[in-house]
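Q: The structure's right below; bear with me while I get my questions together.
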Amino acid sequence: MNTSAPPSALSPRARSGVGWLMCGLVLSAIHLTTAYLVVIAYLVAPAGPWDSESVVHSNFASGFGLALSVVTALLTWVFVKAEWLRRWWYAIPVLLGVAALLRLTLLAPDI
């Protein structure tokens, strides 16, 4: 008696052994870029009341980090829907997005 399932009954993740690896690498690269931008946004502090340029740079870095976290959340949705990745991958763009949004609003540097 053959108990193995036919190839059509396997999940897409099981059919494509490389799919989860490629998706994970793509998302990890974008997550590292987003984390770098958010950390840079938090490290920037104005030198004094005349230094509006550093505030603009901090806002740009956190805004771009927020945009990248939205893009990675959408990519994660696609990859989870295709069953190449697990649902816990949603946590990373959410955490980075919340950190970027906090830097843009409540924790924005003052001039």
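Ligands are numbered from 1 in the order shown, residues from 1 within each chain, and chains are lettered A, B, ... in the order they appear in the structure tokens.
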For Gly24 in chain A, list every protein, DNA or RNA residue within 8 Å, evaluated using only C-alpha atoms, and leave out those in the same chain fewer than 4 positions away; present the list as a list in words.

A: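 Neighbouring residues, sequence-local ones excluded: Trp20, Ser28 and Leu85 of chain A.
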
Q: Please write the residues from the selection above to a file, keeping N, CA, C and O atoms, as a PDB file, in the first residue's frame.

A:
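Dumped to selection_7.pdb:
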```pdb
ATOM      1  N   TRP A  20      10.820  28.950   0.030  1.00  0.00           N
ATOM      2  CA  TRP A  20      10.873  29.572   1.361  1.00  0.00           C
ATOM      3  C   TRP A  20      12.233  30.202   1.605  1.00  0.00           C
ATOM      4  O   TRP A  20      12.331  31.241   2.261  1.00  0.00           O
ATOM      5  N   SER A  28      14.596  39.237   4.401  1.00  0.00           N
ATOM      6  CA  SER A  28      15.653  39.553   5.371  1.00  0.00           C
ATOM      7  C   SER A  28      16.512  40.718   4.900  1.00  0.00           C
ATOM      8  O   SER A  28      16.879  41.587   5.699  1.00  0.00           O
ATOM      9  N   LEU A  85       6.101  30.920   3.470  1.00  0.00           N
ATOM     10  CA  LEU A  85       6.585  31.373   4.771  1.00  0.00           C
ATOM     11  C   LEU A  85       5.480  31.220   5.803  1.00  0.00           C
ATOM     12  O   LEU A  85       4.305  31.104   5.476  1.00  0.00           O
TER      13      LEU A  85
END
```

Q: For CA of Ala73 in chain A and CA of Gly17 in chain A, quote the distance in Å rounded to one decimal.

A: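 Distance reported for this atom pair: 22.4 Å.
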